[in-house]
Structures are given as C-alpha cells and as structure tokens.
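Shown next: work.txt, given as compact mmCIF, C-alpha atoms.
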```txt
# COMPACT_ATOMS: atom_id res chain seq x y z
CA MET A 8 44.93 -63.33 48.35
CA LYS A 9 45.28 -65.86 45.57
CA GLU A 10 46.79 -64.35 42.43
CA LYS A 11 44.70 -64.74 39.29
CA VAL A 12 46.34 -66.92 36.64
CA ALA A 13 46.50 -65.26 33.23
CA ASP A 14 44.81 -66.98 30.30
CA PRO A 15 47.46 -68.86 28.29
CA LEU A 16 48.34 -68.06 24.68
CA ILE A 17 47.85 -70.60 21.94
CA ASP A 18 48.89 -70.61 18.28
CA VAL A 19 45.98 -69.97 15.94
CA SER A 20 46.96 -73.14 14.04
CA GLN A 21 46.21 -75.18 17.20
CA LEU A 22 42.73 -73.79 17.81
CA LYS A 23 39.86 -76.24 17.85
CA VAL A 24 36.08 -76.00 17.97
CA GLY A 25 35.01 -75.81 21.62
CA MET A 26 37.82 -73.55 22.82
CA PHE A 27 36.82 -70.32 24.58
CA ILE A 28 39.07 -67.59 23.18
CA HIS A 29 39.76 -63.87 23.72
CA LEU A 30 40.61 -61.53 20.84
CA ASP A 31 42.71 -58.61 22.09
CA LEU A 32 41.87 -56.58 18.99
CA GLY A 33 38.91 -54.55 20.06
CA TRP A 34 35.39 -55.06 18.78
CA MET A 35 36.04 -53.01 15.63
CA SER A 36 38.81 -55.22 14.29
CA HIS A 37 36.99 -58.49 13.76
CA PRO A 38 33.59 -59.67 12.44
CA PHE A 39 32.51 -61.70 15.49
CA PRO A 40 29.63 -60.58 17.74
CA LEU A 41 31.91 -60.44 20.79
CA SER A 42 35.63 -60.31 21.48
CA SER A 43 35.45 -63.30 23.87
CA PHE A 44 33.53 -66.38 22.78
CA LYS A 45 33.54 -70.15 22.36
CA LEU A 46 34.54 -71.41 18.91
CA SER A 47 31.57 -73.26 17.46
CA SER A 48 32.44 -74.05 13.83
CA ASP A 49 35.25 -74.66 11.34
CA GLU A 50 34.09 -71.51 9.54
CA GLN A 51 35.01 -69.42 12.60
CA LEU A 52 38.45 -71.06 12.63
CA LEU A 53 38.91 -70.10 8.97
CA ILE A 54 37.92 -66.48 9.66
CA LEU A 55 40.39 -66.32 12.56
CA ARG A 56 43.22 -67.54 10.35
CA ARG A 57 42.33 -64.92 7.74
CA LEU A 58 42.70 -62.18 10.37
CA GLY A 59 46.43 -62.84 10.31
CA LEU A 60 46.79 -63.50 14.03
CA LYS A 61 49.65 -65.69 15.25
CA GLN A 62 48.35 -66.34 18.78
CA VAL A 63 45.25 -65.68 20.88
CA ARG A 64 44.43 -66.07 24.56
CA TRP A 65 42.10 -68.89 25.58
CA SER A 66 40.40 -70.05 28.78
CA PRO A 67 40.75 -73.81 29.37
CA SER A 68 38.20 -73.72 32.20
CA ARG A 69 35.53 -72.24 29.92
CA SER A 70 36.25 -74.52 26.98
CA GLU A 71 34.50 -77.74 26.01
CA LEU A 72 36.81 -80.10 24.18
CA PRO A 73 36.81 -83.84 23.49
CA LEU A 74 39.35 -85.50 25.79
CA GLU A 75 41.65 -86.50 22.94
CA ALA A 76 41.64 -82.96 21.52
CA SER A 77 42.34 -81.14 24.74
CA PRO A 78 45.89 -79.80 25.28
CA MET A 79 45.25 -79.70 29.02
CA PRO A 80 44.94 -82.51 31.56
CA ALA A 81 41.63 -84.30 31.23
CA PRO A 82 39.20 -83.25 33.93
CA ALA A 83 37.76 -85.83 36.24
CA VAL A 84 34.66 -87.34 34.70
CA GLN A 85 31.68 -87.18 36.98
CA ALA A 86 29.12 -89.89 36.97
CA PRO A 87 25.96 -88.76 35.20
CA VAL A 88 23.20 -87.72 37.51
CA ALA A 89 20.14 -89.84 37.06
CA ALA A 90 17.25 -87.89 35.56
CA ALA A 91 14.54 -87.16 38.03
CA ALA A 92 11.45 -89.17 37.33
CA ASP A 93 9.19 -86.30 38.28
CA VAL A 94 10.64 -83.56 36.04
CA ASP A 95 7.81 -81.18 35.08
CA PRO A 96 8.01 -80.69 31.26
CA GLU A 97 6.37 -77.29 31.52
CA LYS A 98 8.84 -76.08 34.15
CA GLU A 99 11.75 -77.46 32.13
CA GLN A 100 10.48 -75.64 29.03
CA ARG A 101 10.22 -72.42 31.01
CA ARG A 102 13.73 -72.90 32.41
CA LEU A 103 15.22 -73.42 28.95
CA ALA A 104 13.29 -70.46 27.53
CA LEU A 105 14.49 -68.23 30.36
CA ALA A 106 18.10 -69.30 29.79
CA GLN A 107 17.80 -68.55 26.07
CA GLN A 108 16.19 -65.20 26.83
CA ARG A 109 18.93 -64.16 29.28
CA GLU A 110 21.69 -65.27 26.93
CA ALA A 111 20.26 -63.17 24.09
CA LEU A 112 19.95 -60.09 26.28
CA LEU A 113 23.46 -60.57 27.68
CA LEU A 114 24.88 -60.80 24.16
CA CYS A 115 23.16 -57.55 23.13
CA ALA A 116 24.29 -55.78 26.31
CA ARG A 117 27.91 -56.90 25.89
CA GLN A 118 27.97 -55.85 22.24
CA TYR A 119 26.55 -52.45 23.16
CA GLY A 120 29.11 -52.08 25.94
CA GLU A 121 32.02 -52.88 23.63
CA ALA A 122 30.72 -50.46 20.98
CA ALA A 123 30.21 -47.70 23.59
CA ALA A 124 33.75 -48.17 24.91
CA ALA A 125 35.16 -47.96 21.37
CA LEU A 126 33.17 -44.77 20.75
CA ARG A 127 34.43 -43.11 23.93
CA ASP A 128 38.02 -44.01 23.02
CA LEU A 129 37.79 -42.52 19.54
CA MET A 130 36.10 -39.34 20.78
CA ASP A 131 38.90 -38.89 23.32
CA LEU A 132 41.35 -38.99 20.40
CA VAL A 133 39.64 -36.27 18.33
CA PRO A 134 41.51 -33.25 19.79
CA ARG A 135 45.01 -34.74 19.75
CA ASP A 136 44.90 -37.25 16.86
CA PRO A 137 42.01 -36.41 14.52
CA VAL A 138 43.10 -38.71 11.68
CA THR A 139 43.28 -41.78 13.92
CA SER A 140 39.89 -40.91 15.41
CA ARG A 141 38.48 -40.72 11.88
CA ASP A 142 39.84 -44.16 11.09
CA GLN A 143 38.41 -45.56 14.31
CA SER A 144 34.98 -44.04 13.66
CA ALA A 145 34.96 -45.70 10.24
CA ALA A 146 36.04 -48.99 11.83
CA LEU A 147 33.25 -48.79 14.41
CA SER A 148 30.71 -48.07 11.68
CA ARG A 149 32.02 -51.12 9.79
CA ALA A 150 31.80 -53.28 12.92
CA LEU A 151 28.17 -52.30 13.46
CA LEU A 152 27.37 -52.92 9.80
CA ASP A 153 29.06 -56.33 9.83
CA LYS A 154 26.82 -57.39 12.72
CA MET A 155 23.71 -56.09 10.91
CA LEU A 156 24.42 -58.02 7.71
CA VAL A 157 22.31 -61.06 8.49
CA GLU A 158 19.65 -62.78 6.45
CA GLY A 159 16.05 -61.99 7.32
CA ASP A 160 14.60 -59.59 9.85
CA ILE A 161 16.28 -57.87 12.77
CA ASN A 162 14.70 -57.24 16.15
CA ILE A 163 15.26 -53.86 17.78
CA ARG A 164 15.82 -54.60 21.42
CA LEU A 165 15.61 -52.56 24.63
CA LEU A 166 18.66 -52.93 26.85
CA SER A 167 18.49 -53.24 30.60
CA GLU A 168 20.70 -50.21 31.13
CA GLY A 169 22.21 -47.56 28.90
CA ALA A 170 25.99 -47.97 29.00
CA GLY A 171 28.35 -45.10 29.57
CA ASP A 172 27.92 -41.35 29.62
CA ARG A 173 24.96 -39.57 28.06
CA ALA A 174 26.88 -38.20 25.06
CA SER A 175 28.23 -41.55 23.90
CA ALA A 176 24.91 -43.29 24.62
CA HIS A 177 23.10 -40.70 22.47
CA ALA A 178 25.59 -40.97 19.59
CA LEU A 179 25.46 -44.77 19.67
CA ASN A 180 21.66 -44.84 19.82
CA VAL A 181 21.43 -42.46 16.85
CA ALA A 182 23.98 -44.46 14.86
CA ILE A 183 22.37 -47.85 15.49
CA ILE A 184 18.81 -46.74 14.73
CA SER A 185 19.91 -44.67 11.71
CA MET A 186 21.77 -47.62 10.21
CA LEU A 187 18.80 -49.92 10.79
CA LEU A 188 16.53 -47.38 9.09
CA GLY A 189 19.00 -47.10 6.21
CA ARG A 190 19.02 -50.89 5.98
CA ALA A 191 15.22 -50.89 5.84
CA PHE A 192 15.41 -48.35 2.99
CA GLY A 193 17.71 -50.68 1.08
CA LEU A 194 20.80 -48.46 1.14
CA GLY A 195 24.00 -50.07 -0.07
CA ASN A 196 26.89 -50.96 2.19
CA GLU A 197 28.94 -47.89 1.26
CA ASP A 198 26.04 -45.56 2.11
CA LEU A 199 25.42 -47.44 5.36
CA MET A 200 29.09 -47.06 6.28
CA ASP A 201 28.89 -43.30 5.67
CA LEU A 202 25.60 -43.13 7.55
CA GLY A 203 27.06 -44.89 10.57
CA GLN A 204 30.21 -42.77 10.67
CA GLY A 205 28.28 -39.50 10.27
CA ALA A 206 25.79 -40.50 12.95
CA LEU A 207 28.54 -41.47 15.40
CA LEU A 208 30.20 -38.07 14.85
CA HIS A 209 27.11 -35.88 14.40
CA ASP A 210 27.68 -34.04 17.71
CA VAL A 211 31.49 -34.00 17.57
CA GLY A 212 31.43 -30.18 17.64
CA LYS A 213 30.16 -30.27 21.23
CA LEU A 214 33.68 -31.23 22.27
CA GLU A 215 34.59 -27.58 21.72
CA LEU A 216 31.67 -26.15 23.72
CA THR A 217 31.68 -25.54 27.45
CA PRO A 218 29.53 -28.20 29.18
CA ARG A 219 26.79 -25.64 29.90
CA PHE A 220 26.06 -25.19 26.19
CA ARG A 221 26.25 -28.80 25.04
CA HIS A 222 22.56 -29.43 25.64
CA ARG A 223 19.87 -26.94 24.77
CA ASP A 224 17.75 -25.77 27.68
CA ASP A 225 14.34 -24.11 27.49
CA SER A 226 15.65 -21.35 29.76
CA PHE A 227 18.40 -20.31 27.33
CA THR A 228 18.53 -16.69 26.20
CA GLY A 229 18.88 -15.92 22.51
CA ALA A 230 22.64 -15.57 22.89
CA GLU A 231 22.85 -18.90 24.72
CA VAL A 232 20.85 -20.64 22.00
CA GLN A 233 23.33 -19.29 19.45
CA ALA A 234 26.22 -20.59 21.55
CA TYR A 235 24.59 -24.05 21.59
CA GLN A 236 23.94 -23.98 17.84
CA GLN A 237 27.63 -23.33 17.21
CA HIS A 238 28.29 -27.04 17.77
CA VAL A 239 27.26 -27.69 14.17
CA ALA A 240 29.81 -25.32 12.61
CA LYS A 241 32.50 -26.43 15.07
CA GLY A 242 31.71 -30.05 14.21
CA VAL A 243 32.19 -29.37 10.49
CA VAL A 244 35.60 -27.78 11.15
CA LEU A 245 36.68 -30.69 13.35
CA ALA A 246 35.46 -33.25 10.79
CA GLN A 247 37.45 -31.46 8.07
CA LYS A 248 40.57 -31.68 10.24
CA MET A 249 39.86 -35.38 10.66
CA GLY A 250 39.59 -35.82 6.90
CA VAL A 251 36.05 -37.21 7.07
CA GLY A 252 34.45 -37.96 3.70
CA ALA A 253 31.84 -35.77 2.01
CA ALA A 254 28.79 -37.86 2.97
CA PRO A 255 29.50 -38.07 6.73
CA LEU A 256 30.48 -34.38 6.66
CA LEU A 257 27.03 -33.45 5.29
CA ILE A 258 25.41 -35.40 8.13
CA ILE A 259 27.38 -33.38 10.69
CA ALA A 260 26.49 -30.14 8.89
CA GLN A 261 22.77 -30.91 8.42
CA HIS A 262 21.65 -33.02 11.38
CA HIS A 263 19.62 -30.12 12.84
CA GLU A 264 18.01 -29.06 9.55
CA HIS A 265 14.29 -29.74 8.95
CA ALA A 266 12.44 -30.69 5.81
CA ASP A 267 10.37 -27.47 6.02
CA GLY A 268 13.40 -25.18 6.35
CA SER A 269 12.80 -24.44 10.06
CA GLY A 270 16.02 -26.01 11.30
CA PHE A 271 19.53 -24.59 11.70
CA PRO A 272 22.11 -23.42 10.84
CA GLN A 273 21.29 -22.96 7.14
CA HIS A 274 17.48 -23.40 7.15
CA LEU A 275 17.68 -26.02 4.40
CA ASN A 276 14.56 -27.77 3.18
CA ALA A 277 14.33 -31.48 2.35
CA ASP A 278 15.38 -31.00 -1.28
CA ARG A 279 18.70 -29.50 -0.18
CA MET A 280 19.45 -32.06 2.55
CA SER A 281 21.24 -35.31 1.81
CA ILE A 282 19.18 -38.46 2.35
CA LEU A 283 21.65 -39.63 5.00
CA ALA A 284 21.31 -36.33 6.89
CA ARG A 285 17.52 -36.59 6.73
CA ILE A 286 17.73 -40.01 8.39
CA VAL A 287 20.02 -38.78 11.18
CA ALA A 288 17.96 -35.61 11.78
CA LEU A 289 14.86 -37.79 12.28
CA VAL A 290 16.52 -40.28 14.64
CA ASN A 291 18.35 -37.51 16.51
CA ARG A 292 15.01 -35.88 17.30
CA PHE A 293 13.50 -39.16 18.48
CA ASP A 294 16.37 -39.95 20.84
CA GLY A 295 16.36 -36.39 22.14
CA LEU A 296 12.70 -36.71 23.12
CA CYS A 297 13.23 -40.09 24.82
CA ASN A 298 16.51 -39.20 26.54
CA PRO A 299 16.51 -35.47 27.38
CA LEU A 300 19.02 -33.90 29.72
CA ILE A 301 16.33 -33.56 32.40
CA ALA A 302 14.90 -37.03 32.99
CA ALA A 303 11.55 -35.66 34.20
CA LYS A 304 10.92 -34.33 30.68
CA ALA A 305 11.48 -37.71 29.02
CA MET A 306 8.77 -39.06 26.74
CA THR A 307 8.05 -42.73 26.32
CA PRO A 308 9.10 -43.99 22.88
CA HIS A 309 5.41 -44.28 21.95
CA GLU A 310 4.78 -40.67 22.99
CA ALA A 311 7.83 -39.48 21.06
CA LEU A 312 6.69 -41.18 17.87
CA SER A 313 3.15 -39.86 18.32
CA LEU A 314 4.39 -36.30 18.78
CA MET A 315 6.69 -36.51 15.77
CA PHE A 316 3.84 -37.82 13.64
CA ALA A 317 1.22 -35.33 14.86
CA GLN A 318 3.29 -32.15 15.12
CA GLY A 319 6.43 -32.81 13.18
CA ARG A 320 5.30 -34.28 9.87
CA SER A 321 6.34 -31.10 8.07
CA ARG A 322 9.75 -31.23 9.75
CA PHE A 323 10.64 -34.63 8.36
CA ASP A 324 10.53 -36.43 5.06
CA ALA A 325 7.03 -37.98 5.23
CA THR A 326 8.07 -41.23 3.56
CA MET A 327 11.01 -41.55 5.91
CA LEU A 328 8.92 -40.80 9.01
CA ASN A 329 6.36 -43.45 8.04
CA ALA A 330 9.14 -45.97 7.43
CA PHE A 331 10.66 -45.09 10.82
CA ILE A 332 7.33 -45.72 12.58
CA ARG A 333 6.94 -49.04 10.77
CA MET A 334 10.45 -50.07 11.77
CA MET A 335 10.21 -49.02 15.42
CA GLY A 336 6.68 -50.34 15.79
CA VAL A 337 3.66 -48.41 16.96
CA TYR A 338 4.85 -49.29 20.47
CA PRO A 339 8.66 -49.11 20.33
CA PRO A 340 10.82 -50.94 22.87
CA GLY A 341 10.67 -49.14 26.18
CA SER A 342 6.94 -48.36 25.95
CA ALA A 343 4.81 -49.21 28.97
CA VAL A 344 1.48 -50.67 27.84
CA GLN A 345 -1.73 -52.27 29.02
CA LEU A 346 -2.75 -55.45 27.24
CA THR A 347 -6.23 -56.40 26.08
CA ASP A 348 -6.54 -58.76 29.07
CA ASP A 349 -5.88 -55.74 31.37
CA ARG A 350 -2.38 -56.86 32.41
CA TYR A 351 0.47 -54.34 32.33
CA ALA A 352 3.62 -54.92 30.30
CA LEU A 353 6.83 -53.38 29.01
CA VAL A 354 7.70 -53.65 25.31
CA VAL A 355 11.22 -55.08 25.09
CA ALA A 356 11.68 -55.90 21.39
CA VAL A 357 10.00 -55.22 18.08
CA ASN A 358 10.24 -56.76 14.63
CA SER A 359 9.50 -54.21 11.91
CA SER A 360 7.50 -56.73 9.87
CA ARG A 361 5.01 -57.09 12.77
CA PRO A 362 4.78 -53.59 14.29
CA LEU A 363 1.56 -54.20 16.24
CA LYS A 364 2.79 -57.45 17.76
CA PRO A 365 5.99 -56.74 19.71
CA ARG A 366 7.58 -58.84 22.44
CA VAL A 367 6.62 -57.79 25.94
CA MET A 368 7.48 -58.58 29.54
CA VAL A 369 4.19 -58.92 31.44
CA HIS A 370 3.58 -58.22 35.11
CA ASP A 371 2.35 -61.50 36.53
CA ALA A 372 2.18 -61.59 40.33
CA LYS A 373 2.37 -65.41 40.24
CA VAL A 374 5.77 -65.37 38.50
CA PRO A 375 8.92 -63.94 40.13
CA ARG A 376 10.33 -61.03 38.13
CA GLU A 377 13.60 -62.85 37.45
CA GLU A 378 11.58 -65.68 35.88
CA ALA A 379 9.30 -63.50 33.76
CA LEU A 380 9.16 -64.77 30.20
CA ILE A 381 9.12 -62.42 27.24
CA LEU A 382 5.86 -63.02 25.38
CA ASN A 383 5.75 -62.80 21.59
CA LEU A 384 2.34 -61.26 20.87
CA GLU A 385 2.54 -62.46 17.28
CA GLU A 386 2.14 -66.00 18.56
CA LEU A 387 -0.81 -65.05 20.78
CA PRO A 388 -3.58 -63.99 18.39
CA ASP A 389 -6.07 -63.36 21.21
CA LEU A 390 -3.74 -61.01 23.07
CA GLY A 391 -2.81 -57.50 22.00
CA ILE A 392 -2.07 -53.99 23.24
CA ARG A 393 -4.96 -51.82 24.38
CA ARG A 394 -3.09 -48.58 25.13
CA SER A 395 0.25 -47.01 25.88
CA LEU A 396 0.94 -45.54 29.31
CA LYS A 397 3.37 -43.18 30.97
CA PRO A 398 5.46 -45.13 33.50
CA GLN A 399 3.89 -43.14 36.35
CA GLN A 400 0.45 -44.37 35.26
CA LEU A 401 1.40 -47.94 36.09
CA PRO A 402 0.16 -49.37 39.39
CA ARG A 403 2.95 -49.39 41.97
CA ALA A 404 3.35 -53.18 41.85
CA SER A 405 3.64 -53.14 38.05
CA MET A 406 6.09 -50.24 38.17
CA GLU A 407 8.38 -52.16 40.54
CA TYR A 408 8.05 -55.40 38.56
CA LEU A 409 8.56 -53.94 35.06
CA SER A 410 11.11 -51.25 36.09
CA PRO A 411 10.70 -48.92 33.08
CA ARG A 412 14.07 -47.54 32.06
CA GLY A 413 15.03 -43.99 32.93
CA ARG A 414 17.21 -43.90 29.83
CA ILE A 415 16.36 -45.75 26.64
CA ALA A 416 19.17 -47.69 24.96
CA TYR A 417 18.70 -49.89 21.91
CA PHE A 418 20.63 -52.63 20.18
CA PHE A 419 19.68 -55.22 17.59
CA GLU A 420 19.62 -58.98 17.13
CA PRO A 421 18.62 -61.37 14.33
CA ALA A 422 14.93 -62.25 14.52
CA THR A 423 14.48 -65.92 15.33
CA PRO A 424 11.47 -67.78 13.95
CA ALA A 425 10.48 -69.29 17.28
CA GLN A 426 10.26 -67.15 20.39
CA PRO A 427 9.05 -68.53 23.72
CA ARG A 428 5.29 -68.87 23.88
CA GLU A 429 3.27 -68.10 26.97
CA LEU A 430 3.30 -71.23 29.06
CA ALA A 431 0.48 -70.35 31.37
CA ALA A 432 -2.22 -67.72 31.30
```

Let me see the structure of the file written as structure tokens.
Amino acid sequence: MKEKVADPLIDVSQLKVGMFIHLDLGWMSHPFPLSSFKLSSDEQLLILRRLGLKQVRWSPSRSELPLEASPMPAPAVQAPVAAAADVDPEKEQRRLALAQQREALLLCARQYGEAAAALRDLMDLVPRDPVTSRDQSAALSRALLDKMLVEGDINIRLLSEGAGDRASAHALNVAIISMLLGRAFGLGNEDLMDLGQGALLHDVGKLELTPRFRHRDDSFTGAEVQAYQQHVAKGVVLAQKMGVGAAPLLIIAQHHEHADGSGFPQHLNADRMSILARIVALVNRFDGLCNPLIAAKAMTPHEALSLMFAQGRSRFDATMLNAFIRMMGVYPPGSAVQLTDDRYALVVAVNSSRPLKPRVMVHDAKVPREEALILNLEELPDLGIRRSLKPQQLPRASMEYLSPRGRIAYFFEPATPAQPRELAA
C-alpha cells in the first residue's frame, strides 16, 4: 500500500495567493470560515501574519499558483480543450448553479462539523479541567460570532445531516439560533459572546446525571422529573467551578424558566429573567420540539413554531417570540411544504427579511435528485407556499426525493443577492 505523503510546511512569509493551506489551530483560534482553504487575497495573508504563526502546512496539489510563483516543479501544461460548438447555455447555467449550491452547502456542513468537534472536546474537559473548558467555550462562542459578523442579511440553512451526538447537536443548534436571534435584536458583541457561551453550556449539568435522567420522558414519575430537573442546579455549580461569568451563568440557571412563572427551578417570570436567558429558553424549547429523544414525536419546524405561538405565547416574551418567527420564517428550514402549483418541496434556507419566500428544493420527476436546484421563491413572484405538511403526508416519490431530515441541524451563511433562478418550469 502506497504511503501517504504528508503536506509540507512552509514559512508564513513565503505564502502566496493561490496556495491551499491547513491551519493546525482548531476552528476557534482563527477568523477564517474553515481551517483548510485556498488563499484568495492579500488581506488573508495579512491576517495570517497577525496570528503570529511561523509555519503552516500546505497542499501543492490543491494549490493554483502562477508558474513563476510556484516553489514546486511546474506541472505539465495541457493543451486547452476546444470548446464544444453545441454547448447548451441553459445546461451550462444549471451546471454552474449546482456547483455553487453544493459548494455553499459543503462549506456550511464543514463549519458545523468543526464547531461540533470543538464543542465535544470542551465538554469532555469539564470534569477534569473546568477552567480550560471555560476558556474553550468562550473561544467557540467568539469563533461563531466572528463568522456571523458580516454585512447584510444572513440565511439560516438546513444541513444535510446533524453532526455528532444528540447532546452536542442540541447545544450547538441552540447556540447558533440564539446568537442569530440576539444579532437580530441588535445586541452588542459582548452580549452576543455571553449569549453564545451560555447557550453552549446551558445543559452542562446533565454531565452529572445518569443517562436515564438526561432527557425528560412523559412516563417519568414525580421523583424522576425532579431528578431530571436537577441538571439546572448541577449546571450552576459546575459553571461556578469553571469560573463562568455572571451573564452566561444566568442563562444556565434560567434556561427552563418561563415568562409566566410556570418554569423551573425558581418559577421566575419574564421580569426576573435576564434577556439572554429568555432568548435561550425560547430557542431551547423550539429545538426540543423539533429534535426530541424519540424521533416519532418530532414536530416539523413549522409545527413547532405554530404550537409555540398558539399555546406558548404566555410562556415566552411576546416581542421575542414574534421576532423569532420573523427570523426563522413562517416555514423554517426543514419544513415540508406544498407549493401553489401543487408540487412538493423541502424548505432548505430562509432569509429573515423575506419570511414568506424561502429557498426550497422541489420534487421534479424530470430532474435527478442530485441535480435538483434550490429555488428562491423571492425571485418567482407567481410561485409560493400553499401549506405545510408532515413528512409522512408527502407522496412516496416526493418523500424519497426530498428526504426530510430525521434530525434538524442549522447553520448560517451570508445572504447573496443573486440565487439561482428556476431554469425550467
């Protein structure tokens, strides 16, 4: 078996635009979207030098350098292939749009995977090195915030698969959506940092519960419910050992409280809850409805929002709940829907400034699933959503084509002004 050649090291001073590099720092220690990427600007080179690194790994085979700039032997130059005279412009447009679509989803999925891995590592550290785990939770919150600090709108995007175990996926979902809601509220960077750290650690007390009591079950006796509820108090004690700040500590202490005083453990009302805890309590409930322990009890994101609005308005800050619905869209990513032209679709991304016009993947029997384009309903004024559906209400062919997710996982991406339009009805 041929041994894999390690990527060579190169001095940071010798880096050039076009090199594909690997930062062995972890996602939390740098401001770039990924830890492995191709250098595309002099600004990125400047940021790398400011990180204080002496050397980085790079992949010559994945780099694109001018021949005179390349420190490796020049590759053989292939003769250009003559352009086919019969290239179909529509097919070429679809091919380019599909490539752009896949690249964007891959970027989101890789970012989510790196964040989930960092979260699992820091949670593993809590029992034996609480102070280091605190520092890493703050660093992960900062990394998420750095990636959110872009001009303009952000799309909330459904991922193909939730990465990692249920506990870390839940904590990461709650942190990402809470920070986006805080961003929509106009919170400052310091508050957003505290919000992210508190959301990442909101269930840290479950580390000290036996697995049976980490997730509430409808069959629990009164004593078992009390055992489950102990995760809040245990989380506060752990967070104090970690040296977590006052604002994240309040999130851990209050994430199961309700605005009407019906929550636990202290039965606080909205006036006595911190604004950051109110945000996390709201998002925690939403993710719990979408991703319960028993998959058969899962609600679609649309159903979860509808239930929270209809039955839970007294439980949550009304202004915050309305803002959450505006941000997530009436049909949040992950919702199965039927369009006004009777086709079935899956909502895959939403921009909070256009909540009724999300991006959807449509079941089209004429188009292979791997070539299905994401349609931006904002750009299709004659096409909209007629109704939301449970996945089991989809026709079998649509169910297989759209593959609704058993577990909802979200990430975010900058909204781009031009999304692929529908090329053919």

Do you have, as a Markdown table, the list of residues of region 354-421 of chain A lying at most 12 Å from region 290-313 of chain A, each with its nearest atom pair and that distance in Å to one decimal, counting all atoms listed in the file and ordered by chain then number?
```
| residue | atom | partner | partner_atom | distance |
| --- | --- | --- | --- | --- |
| A:Val354 | CA | A:Pro308 | CA | 10.1 |
| A:Val355 | CA | A:Pro308 | CA | 11.5 |
| A:Arg394 | CA | A:His309 | CA | 10.0 |
| A:Ser395 | CA | A:His309 | CA | 7.0 |
| A:Leu396 | CA | A:Thr307 | CA | 8.2 |
| A:Lys397 | CA | A:Thr307 | CA | 6.6 |
| A:Pro398 | CA | A:Thr307 | CA | 8.0 |
| A:Gln399 | CA | A:Thr307 | CA | 10.9 |
| A:Gln400 | CA | A:Thr307 | CA | 11.8 |
| A:Pro411 | CA | A:Thr307 | CA | 9.5 |
| A:Arg412 | CA | A:Thr307 | CA | 9.6 |
| A:Gly413 | CA | A:Ala302 | CA | 7.0 |
| A:Arg414 | CA | A:Asn298 | CA | 5.8 |
| A:Ile415 | CA | A:Asn298 | CA | 6.6 |
| A:Ala416 | CA | A:Asn298 | CA | 9.0 |
| A:Tyr417 | CA | A:Asp294 | CA | 10.3 |
```

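Proximity to Leu207 (chain A) at 9 Å, evaluated using all atoms listed in the file and with sequence-adjacent residues fewer than 5 positions away removed, yields Leu126, Ser144, Leu147, Ser148, Ser175, His177, Ala178, Leu179, Asn180, Val181, Ala182, Ile183 and Leu202 of chain A.
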
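Between CA of Gly250 (chain A) and CA of Met200 (chain A) the interatomic distance comes to 15.4 Å.
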
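CA of Asp160 (chain A) sits 10.6 Å away from CA of Leu187 (chain A).
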
Selection: 12 Å around Asp128 (chain A), all atoms listed in the file, excl. self and same-chain fewer than 5 positions, as a PyMOL selection string: chain A and resi 33+35+121-123+133-134+136+139-141+143-144+147+171+175

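Each of A:Arg333, A:His238, A:Arg57, A:Lys364 was compared to Leu390 (chain A) using only C-alpha atoms, and A:Lys364 turns out to be the nearest.
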
All residues 12 Å or closer to Arg285 (chain A), only C-alpha atoms, same chain fewer than 4 positions away omitted, as a short mmCIF file (atom, residue, chain, number, x, y, z; two decimals) with C-alpha atoms, in the frame of the given file:
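Now in result_36.cif:
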```cif
data_model
loop_
_atom_site.label_atom_id
_atom_site.label_comp_id
_atom_site.auth_asym_id
_atom_site.auth_seq_id
_atom_site.Cartn_x
_atom_site.Cartn_y
_atom_site.Cartn_z
CA SER A 185 19.91 -44.67 11.71
CA LEU A 188 16.53 -47.38 9.09
CA GLY A 189 19.00 -47.10 6.21
CA LEU A 202 25.60 -43.13 7.55
CA GLY A 205 28.28 -39.50 10.27
CA ALA A 206 25.79 -40.50 12.95
CA ALA A 254 28.79 -37.86 2.97
CA LEU A 257 27.03 -33.45 5.29
CA ILE A 258 25.41 -35.40 8.13
CA ILE A 259 27.38 -33.38 10.69
CA ALA A 260 26.49 -30.14 8.89
CA GLN A 261 22.77 -30.91 8.42
CA HIS A 262 21.65 -33.02 11.38
CA HIS A 263 19.62 -30.12 12.84
CA GLU A 264 18.01 -29.06 9.55
CA HIS A 265 14.29 -29.74 8.95
CA ALA A 266 12.44 -30.69 5.81
CA ASP A 267 10.37 -27.47 6.02
CA GLY A 270 16.02 -26.01 11.30
CA LEU A 275 17.68 -26.02 4.40
CA ASN A 276 14.56 -27.77 3.18
CA ALA A 277 14.33 -31.48 2.35
CA ASP A 278 15.38 -31.00 -1.28
CA ARG A 279 18.70 -29.50 -0.18
CA MET A 280 19.45 -32.06 2.55
CA SER A 281 21.24 -35.31 1.81
CA LEU A 289 14.86 -37.79 12.28
CA VAL A 290 16.52 -40.28 14.64
CA ASN A 291 18.35 -37.51 16.51
CA ARG A 292 15.01 -35.88 17.30
CA ARG A 322 9.75 -31.23 9.75
CA PHE A 323 10.64 -34.63 8.36
CA ASP A 324 10.53 -36.43 5.06
CA ALA A 325 7.03 -37.98 5.23
CA THR A 326 8.07 -41.23 3.56
CA MET A 327 11.01 -41.55 5.91
CA LEU A 328 8.92 -40.80 9.01
CA PHE A 331 10.66 -45.09 10.82
#
```

Selection: 10 Å around Met368 (chain A), all atoms listed in the file, excl. self and same-chain fewer than 5 positions, as a PyMOL selection string: chain A and resi 343+351-356+376+379-383+408-409

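One distance worth recording is that between CA of Asp95 (chain A) and CA of Val374 (chain A), which is 16.3 Å.
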
Using all atoms listed in the file: which of A:Asp349, A:Glu215, A:Glu71, A:Asp201 has the shortest distance to Lys23 (chain A): A:Glu71

Top pick for closest residue to Gly195 (chain A), considering A:Leu283, A:Ile17, A:Glu386, A:Arg173 and counting only C-alpha atoms: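 Checking each candidate against Gly195 (chain A), we get A:Leu283 as the closest.
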
Nearest residue to Asn358 (chain A) from the set A:Ala422, A:Leu401, A:Ala372, A:Ala330 (distances using all atoms listed in the file): A:Ala422

Ref. answer, residues at most 10 Å from (44.0, -70.5, 25.6) with only C-alpha atoms, as a list in words: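 So the residues meeting the distance criterion are Ala13, Asp14, Pro15, Leu16, Ile17, Asp18, Val19, Gln21, Leu22, Met26, Phe27, Ile28, His29, Gln62, Val63, Arg64, Trp65, Ser66, Pro67, Ser68, Arg69, Ser70, Pro78 and Met79 of chain A.
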